[in-house]
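Peer 1: I'm passing along coords_1.cif; it holds mmCIF, C-alpha atoms and all ligand atoms.
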```cif
data_query
loop_
_atom_site.label_atom_id
_atom_site.label_comp_id
_atom_site.auth_asym_id
_atom_site.auth_seq_id
_atom_site.Cartn_x
_atom_site.Cartn_y
_atom_site.Cartn_z
CA MET A 23 80.90 98.33 88.00
CA ASP A 24 83.17 97.29 85.16
CA GLY A 25 82.17 95.48 81.97
CA ASN A 26 82.13 92.14 83.79
CA GLY A 27 79.87 93.37 86.56
CA ASN A 28 82.71 93.49 89.11
CA SER A 29 82.95 96.43 91.44
CA PRO A 30 86.42 97.98 91.38
CA ILE A 31 88.92 97.03 94.08
CA LEU A 32 90.37 100.57 93.89
CA SER A 33 88.61 103.85 93.12
CA VAL A 34 90.38 107.17 92.87
CA ARG A 35 88.13 110.24 92.86
CA ASN A 36 89.32 113.74 91.93
CA VAL A 37 92.68 113.27 93.59
CA ARG A 38 95.06 116.18 93.58
CA LYS A 39 98.66 116.47 94.70
CA TYR A 40 100.69 119.62 94.11
CA PHE A 41 104.30 120.27 95.00
CA GLY A 42 104.46 124.04 95.29
CA GLY A 43 103.52 125.21 91.82
CA ILE A 44 103.91 121.77 90.24
CA LYS A 45 100.56 120.15 89.60
CA ALA A 46 101.86 116.58 89.79
CA VAL A 47 98.40 115.01 90.08
CA ASP A 48 95.65 117.40 89.07
CA GLY A 49 92.20 115.95 89.66
CA VAL A 50 92.52 112.29 88.68
CA SER A 51 89.63 109.82 88.84
CA LEU A 52 90.02 106.18 87.87
CA ASP A 53 88.95 102.65 88.78
CA VAL A 54 91.00 99.48 88.97
CA ALA A 55 89.01 96.28 88.45
CA SER A 56 89.62 93.30 90.67
CA GLN A 57 91.85 90.46 89.47
CA ARG A 58 93.04 92.21 86.38
CA ILE A 59 96.26 93.91 85.35
CA THR A 60 95.59 97.60 84.79
CA GLY A 61 98.35 99.63 83.16
CA LEU A 62 99.23 103.28 83.76
CA ILE A 63 101.33 105.01 81.13
CA GLY A 64 102.28 108.54 80.18
CA PRO A 65 105.38 110.62 79.52
CA ASN A 66 107.99 111.40 82.16
CA GLY A 67 106.64 113.84 84.69
CA ALA A 68 103.01 112.95 83.95
CA GLY A 69 102.38 112.24 87.65
CA LYS A 70 102.22 108.43 87.59
CA THR A 71 104.61 107.75 90.46
CA THR A 72 103.08 110.56 92.52
CA LEU A 73 99.65 109.01 92.03
CA PHE A 74 101.01 105.66 93.31
CA ASN A 75 102.62 107.43 96.25
CA VAL A 76 99.30 109.04 97.14
CA ILE A 77 97.31 105.80 96.72
CA SER A 78 99.74 103.86 98.91
CA GLY A 79 99.72 106.53 101.61
CA LEU A 80 103.36 107.57 101.24
CA TYR A 81 102.07 111.06 100.38
CA LYS A 82 98.86 112.63 101.54
CA ALA A 83 96.50 113.84 98.81
CA ASP A 84 95.69 117.57 98.81
CA ALA A 85 92.15 116.77 97.74
CA GLY A 86 90.01 113.90 96.56
CA GLU A 87 89.01 110.47 97.81
CA ILE A 88 90.48 107.01 97.47
CA TYR A 89 88.56 103.80 98.12
CA PHE A 90 90.04 100.32 98.52
CA LYS A 91 87.51 97.49 98.62
CA GLY A 92 84.83 100.09 99.17
CA GLU A 93 86.53 101.59 102.20
CA ARG A 94 87.98 105.08 102.22
CA ILE A 95 91.77 104.93 102.57
CA ASP A 96 92.99 108.45 101.79
CA GLY A 97 94.55 109.76 104.96
CA LEU A 98 95.95 106.36 105.92
CA SER A 99 99.71 105.87 106.16
CA LEU A 100 101.80 103.55 104.00
CA HIS A 101 101.83 101.13 106.89
CA GLN A 102 98.07 101.18 107.26
CA THR A 103 97.28 100.67 103.56
CA PHE A 104 99.85 97.89 103.58
CA GLN A 105 98.08 96.13 106.39
CA LYS A 106 94.84 96.35 104.44
CA GLY A 107 96.43 94.44 101.57
CA LEU A 108 97.49 97.27 99.29
CA CYS A 109 101.22 96.93 98.66
CA ARG A 110 103.58 98.79 96.43
CA THR A 111 106.86 97.29 95.36
CA PHE A 112 110.14 98.95 96.28
CA GLN A 113 113.47 98.51 94.63
CA ILE A 114 115.93 96.21 96.34
CA SER A 115 118.08 98.59 98.38
CA ARG A 116 121.83 98.56 98.74
CA GLU A 117 121.60 96.74 102.07
CA LEU A 118 119.34 94.09 100.68
CA LYS A 119 121.75 93.42 97.83
CA LEU A 120 124.27 92.17 100.39
CA MET A 121 121.87 89.49 101.56
CA THR A 122 120.84 86.29 99.91
CA VAL A 123 117.62 86.01 97.98
CA LEU A 124 116.01 83.93 100.72
CA GLU A 125 117.20 86.30 103.46
CA ASN A 126 115.64 89.16 101.53
CA LEU A 127 112.30 87.56 102.17
CA MET A 128 112.94 86.55 105.76
CA LEU A 129 115.16 88.90 107.69
CA VAL A 130 114.59 92.11 109.53
CA PRO A 131 117.93 93.87 109.46
CA PRO A 132 118.48 95.83 112.65
CA GLY A 133 118.64 99.59 112.61
CA GLN A 134 117.65 100.16 109.02
CA GLU A 135 116.79 103.65 108.08
CA GLY A 136 115.23 105.44 105.18
CA GLU A 137 112.54 104.03 102.93
CA ASN A 138 112.00 100.99 105.00
CA LEU A 139 109.10 98.91 104.69
CA TRP A 140 111.03 96.23 106.42
CA LYS A 141 109.90 97.10 109.81
CA THR A 142 106.32 97.55 108.82
CA TRP A 143 106.33 94.38 106.78
CA PHE A 144 108.27 91.86 108.63
CA ILE A 145 108.04 92.62 112.28
CA PRO A 146 104.30 91.94 112.28
CA LEU A 147 104.95 88.81 110.29
CA ARG A 148 107.53 87.64 112.79
CA VAL A 149 105.30 88.20 115.70
CA ARG A 150 102.56 86.22 114.12
CA ARG A 151 104.54 83.34 112.78
CA GLN A 152 107.29 80.98 113.72
CA GLU A 153 110.56 81.24 111.84
CA SER A 154 109.94 77.92 110.08
CA GLU A 155 106.61 79.16 108.81
CA ILE A 156 108.21 82.33 107.47
CA ARG A 157 110.84 80.22 105.75
CA GLU A 158 108.23 77.97 104.19
CA LYS A 159 106.29 80.96 102.99
CA ALA A 160 109.43 82.59 101.60
CA LEU A 161 110.32 79.44 99.68
CA GLN A 162 106.82 79.33 98.24
CA ALA A 163 107.01 82.98 97.22
CA LEU A 164 110.36 82.35 95.50
CA ASP A 165 108.94 79.30 93.76
CA SER A 166 105.96 81.29 92.52
CA VAL A 167 108.26 83.76 90.74
CA GLY A 168 110.72 81.11 89.52
CA LEU A 169 113.62 82.17 91.77
CA LEU A 170 113.80 79.13 94.04
CA HIS A 171 117.01 77.87 92.42
CA LEU A 172 118.67 81.21 93.32
CA LYS A 173 117.65 81.28 96.99
CA ASP A 174 121.25 81.25 98.26
CA GLU A 175 122.55 83.76 95.71
CA TYR A 176 123.32 87.30 96.86
CA ALA A 177 120.52 89.59 95.73
CA GLY A 178 123.12 91.99 94.30
CA ASN A 179 124.21 89.31 91.83
CA LEU A 180 120.80 88.94 90.24
CA SER A 181 120.08 90.25 86.76
CA GLY A 182 117.72 93.20 86.29
CA GLY A 183 114.77 90.95 85.58
CA GLN A 184 115.51 88.67 88.52
CA LYS A 185 115.69 91.69 90.86
CA ARG A 186 112.22 92.67 89.70
CA LEU A 187 110.97 89.16 90.39
CA LEU A 188 112.53 89.35 93.85
CA GLU A 189 110.70 92.63 94.52
CA LEU A 190 107.51 90.88 93.51
CA ALA A 191 108.25 87.91 95.78
CA ARG A 192 108.92 90.25 98.73
CA THR A 193 105.59 91.88 98.10
CA MET A 194 103.87 88.49 97.95
CA MET A 195 105.13 87.76 101.49
CA ALA A 196 102.57 90.28 102.68
CA GLU A 197 99.71 88.41 100.98
CA PRO A 198 98.58 91.52 99.11
CA GLU A 199 95.27 91.87 97.33
CA LEU A 200 96.44 94.78 95.21
CA ILE A 201 100.03 95.29 94.06
CA LEU A 202 101.18 98.67 92.79
CA PHE A 203 104.17 98.01 90.56
CA ASP A 204 106.17 101.04 89.38
CA GLU A 205 108.02 100.39 86.12
CA PRO A 206 108.74 96.68 86.44
CA GLY A 207 110.34 96.69 83.01
CA ALA A 208 113.05 99.22 83.85
CA GLY A 209 116.55 97.78 83.48
CA VAL A 210 115.20 94.49 82.17
CA ASN A 211 116.17 93.03 78.82
CA PRO A 212 113.47 91.95 76.35
CA SER A 213 113.69 88.21 76.97
CA GLU A 214 113.59 88.70 80.74
CA ARG A 215 110.70 91.08 80.25
CA ARG A 216 108.69 88.24 78.73
CA VAL A 217 109.46 86.04 81.75
CA LEU A 218 108.43 88.86 84.08
CA ALA A 219 105.21 89.40 82.13
CA GLU A 220 104.40 85.72 82.43
CA HIS A 221 104.95 85.71 86.21
CA ILE A 222 102.82 88.80 86.67
CA ARG A 223 100.04 87.16 84.69
CA ARG A 224 100.32 84.00 86.76
CA LEU A 225 100.08 85.87 90.07
CA VAL A 226 96.79 87.22 88.88
CA SER A 227 95.38 84.02 87.37
CA GLU A 228 96.64 81.59 90.03
CA GLN A 229 96.70 83.66 93.19
CA GLY A 230 93.93 86.09 92.43
CA VAL A 231 95.85 89.28 93.14
CA THR A 232 95.12 92.53 91.32
CA VAL A 233 97.95 94.44 89.70
CA PHE A 234 98.15 98.16 88.89
CA LEU A 235 101.30 98.69 86.91
CA ILE A 236 103.17 101.76 85.71
CA GLY A 237 104.92 100.97 82.50
CA HIS A 238 107.47 102.75 80.45
CA GLU A 239 108.16 100.12 77.83
CA MET A 240 105.04 100.02 75.71
CA GLU A 241 105.81 96.43 74.80
CA LEU A 242 105.38 95.12 78.36
CA VAL A 243 102.30 97.21 79.02
CA MET A 244 100.63 96.25 75.75
CA ASP A 245 101.45 92.63 76.43
CA VAL A 246 100.12 92.26 79.99
CA CYS A 247 97.76 95.15 80.76
CA ASP A 248 94.09 95.52 79.95
CA PRO A 249 92.82 98.15 80.38
CA ILE A 250 95.50 100.81 80.02
CA ILE A 251 95.05 104.27 81.54
CA VAL A 252 97.01 107.18 80.07
CA MET A 253 98.12 110.19 82.13
CA ASP A 254 99.56 113.45 80.87
CA ARG A 255 100.41 116.59 82.83
CA GLY A 256 98.79 115.39 86.02
CA LYS A 257 95.52 114.42 84.40
CA LYS A 258 93.95 111.27 83.07
CA LEU A 259 93.96 111.60 79.30
CA THR A 260 92.14 108.43 78.31
CA GLU A 261 91.60 104.77 79.05
CA GLY A 262 91.09 101.74 76.84
CA SER A 263 92.15 98.31 75.67
CA PRO A 264 95.72 97.92 74.36
CA GLU A 265 94.32 98.05 70.83
CA GLU A 266 92.40 101.26 71.50
CA ILE A 267 95.36 102.91 73.20
CA GLY A 268 97.75 101.75 70.50
CA ARG A 269 95.79 103.51 67.79
CA ASP A 270 94.84 106.65 69.73
CA PRO A 271 96.49 109.62 68.02
CA ARG A 272 96.55 111.63 71.28
CA VAL A 273 98.65 108.94 72.94
CA LEU A 274 101.07 108.87 70.05
CA GLU A 275 101.29 112.64 70.18
CA ILE A 276 102.20 112.93 73.86
CA TYR A 277 104.91 110.31 73.44
CA LEU A 278 106.34 111.84 70.29
CA GLY A 279 105.84 115.32 71.68
CA GLY A 280 108.57 114.65 74.26
CA GLY A 281 106.49 114.66 77.43
CA SER A 282 105.03 117.35 79.56
CA GLN A 283 108.09 119.41 80.42
N1 LIG B 1 108.55 114.71 96.17
C1 LIG B 1 108.45 115.61 95.19
N2 LIG B 1 108.73 116.91 95.40
C2 LIG B 1 108.60 117.84 94.42
N3 LIG B 1 108.20 117.55 93.17
C3 LIG B 1 107.92 116.27 92.89
C4 LIG B 1 108.02 115.22 93.88
N4 LIG B 1 107.66 114.06 93.30
C5 LIG B 1 107.36 114.34 92.03
N5 LIG B 1 107.50 115.66 91.78
C6 LIG B 1 107.21 116.35 90.49
O1 LIG B 1 105.91 116.00 90.13
C7 LIG B 1 105.81 115.80 88.72
C8 LIG B 1 105.34 114.39 88.44
O2 LIG B 1 106.38 113.48 88.76
P1 LIG B 1 106.19 111.92 88.78
O3 LIG B 1 104.97 111.58 89.56
O4 LIG B 1 107.46 111.31 89.25
O5 LIG B 1 105.93 111.59 87.24
P2 LIG B 1 106.08 110.23 86.44
O6 LIG B 1 106.20 109.10 87.41
O7 LIG B 1 104.87 110.16 85.59
O8 LIG B 1 107.33 110.37 85.59
C9 LIG B 1 107.19 116.09 88.17
O9 LIG B 1 107.21 117.43 87.74
C10 LIG B 1 108.09 115.87 89.36
O10 LIG B 1 109.26 116.64 89.26
MG MG B 2 107.65 107.60 87.68
#
```
The structure in this file should be written as structure tokens.
Peer 2:
Amino acid sequence: MDGNGNSPILSVRNVRKYFGGIKAVDGVSLDVASQRITGLIGPNGAGKTTLFNVISGLYKADAGEIYFKGERIDGLSLHQTFQKGLCRTFQISRELKLMTVLENLMLVPPGQEGENLWKTWFIPLRVRRQESEIREKALQALDSVGLLHLKDEYAGNLSGGQKRLLELARTMMAEPELILFDEPGAGVNPSERRVLAEHIRRLVSEQGVTVFLIGHEMELVMDVCDPIIVMDRGKKLTEGSPEEIGRDPRVLEIYLGGGSQ
């Protein structure tokens, strides 16, 4: 239970992921409360992205347990966690940049290879729904992130911040309950970052999704996340409100100390 009496939507218990001798995630336990924006920060190499990869099922944990809505999900694939409503964002790939914003949300390009959620995302959608329904849904998703006016623009022509909003809109097509968002502020200028922050907040307040967000820019994290969890060298260092984290000398030290290399 959290302070508001809500049970967490996501619970991570003693999760470990090593790569050879590298202890990327070294016994992490944490909870993510429903319908909030929880931040995850820490220096480069702290294990944040690896933790997201393990939670989403891209990597298998070496040890530990992960629960989503009370159900154990460690051992499930990316596809399976996705179908349960746990979605991580992926950067708009080179192929997707050659398509329009609307097509990015609608099309299944044939023969795609590599990190492709496409197939897992959109083929099931297509089977279930008529094209017109998918289009309607795509337009709504674009509207909800403020990109409707750019629907016919090539994705490659979008600014950094708009690309991040497009990633978010693609994720929303899957009707997620929990979105894992890795560094949404990367490559985004400060004024666009404020727009992005506002849209993330609105997805939570208006559509009831839960967001777990890895942040690099303290400004974005401090602005939208509460609580904030801090990782260092594969472990959870601390957790608290933005105010608590902002004045924690240990947090300052790991950032000024140049990370965990
Ligand atoms: N697929 C991988 N293979 C080998 N080492 C990896 C892999 N992914 C991450 N690592 C290593 O795990 C550690 C944590 O990396 P990462 O999770 O990307 O940290 P962060 O996202 O906090 O910067 C780093 O030392 C990184 O080099
Ligand atoms: Mg990372």
Peer 1: Neighbouring residues of ligand MG 2 (chain B) are defined here as those with any atom at most 12 Å from a ligand atom, counting all atoms listed in the file; list them as an MDAnalysis selection string.
Peer 2: chainID A and resid 46 62:75 203:206 208 235:238 253 256
Peer 1: Go ahead and write the selection's residues with C-alpha atoms as a JSON list (two decimals), in the frame of the given file.
Peer 2:
```
[["chain", "number", "residue", "atom", "x", "y", "z"],
["A", 46, "ALA", "CA", 101.86, 116.58, 89.79],
["A", 62, "LEU", "CA", 99.23, 103.28, 83.76],
["A", 63, "ILE", "CA", 101.33, 105.01, 81.13],
["A", 64, "GLY", "CA", 102.28, 108.54, 80.18],
["A", 65, "PRO", "CA", 105.38, 110.62, 79.52],
["A", 66, "ASN", "CA", 107.99, 111.40, 82.16],
["A", 67, "GLY", "CA", 106.64, 113.84, 84.69],
["A", 68, "ALA", "CA", 103.01, 112.95, 83.95],
["A", 69, "GLY", "CA", 102.38, 112.24, 87.65],
["A", 70, "LYS", "CA", 102.22, 108.43, 87.59],
["A", 71, "THR", "CA", 104.61, 107.75, 90.46],
["A", 72, "THR", "CA", 103.08, 110.56, 92.52],
["A", 73, "LEU", "CA", 99.65, 109.01, 92.03],
["A", 74, "PHE", "CA", 101.01, 105.66, 93.31],
["A", 75, "ASN", "CA", 102.62, 107.43, 96.25],
["A", 203, "PHE", "CA", 104.17, 98.01, 90.56],
["A", 204, "ASP", "CA", 106.17, 101.04, 89.38],
["A", 205, "GLU", "CA", 108.02, 100.39, 86.12],
["A", 206, "PRO", "CA", 108.74, 96.68, 86.44],
["A", 208, "ALA", "CA", 113.05, 99.22, 83.85],
["A", 235, "LEU", "CA", 101.30, 98.69, 86.91],
["A", 236, "ILE", "CA", 103.17, 101.76, 85.71],
["A", 237, "GLY", "CA", 104.92, 100.97, 82.50],
["A", 238, "HIS", "CA", 107.47, 102.75, 80.45],
["A", 253, "MET", "CA", 98.12, 110.19, 82.13],
["A", 256, "GLY", "CA", 98.79, 115.39, 86.02]]
```
Peer 1: Could you give me, as number ranges by chain, the residues within 12 Å of Leu170 of chain A, counting only C-alpha atoms and dropping anything in the same chain fewer than 2 positions from it?
Peer 2: A: 122-124, 127, 158-168, 172-175, 184, 187-188, 191
Peer 1: Quick one: residues within 7 Å of segment 91-105 of chain A, all atoms listed in the file, excluding same-chain residues fewer than 2 positions away - as number ranges by chain?
Peer 2: A: 31-32, 78-80, 82, 87-89, 107-109, 142
Peer 1: Find, counting all atoms listed in the file, the residue in A:Leu169, A:Leu225, A:Met244, A:Val252 that gets nearest to ligand LIG 1 (chain B).
Peer 2: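 Among the listed residues, A:Val252 lies closest to ligand LIG 1 (chain B).
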Peer 1: Could you check the closest approach to ligand LIG 1 (chain B) for each of A:Arg216, A:Arg272, A:Arg255, A:Lys185 and tell me which residue wins, using all atoms listed in the file?
Peer 2: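 Looking only at the distances to ligand LIG 1 (chain B), the closest residue turns out to be A:Arg255.
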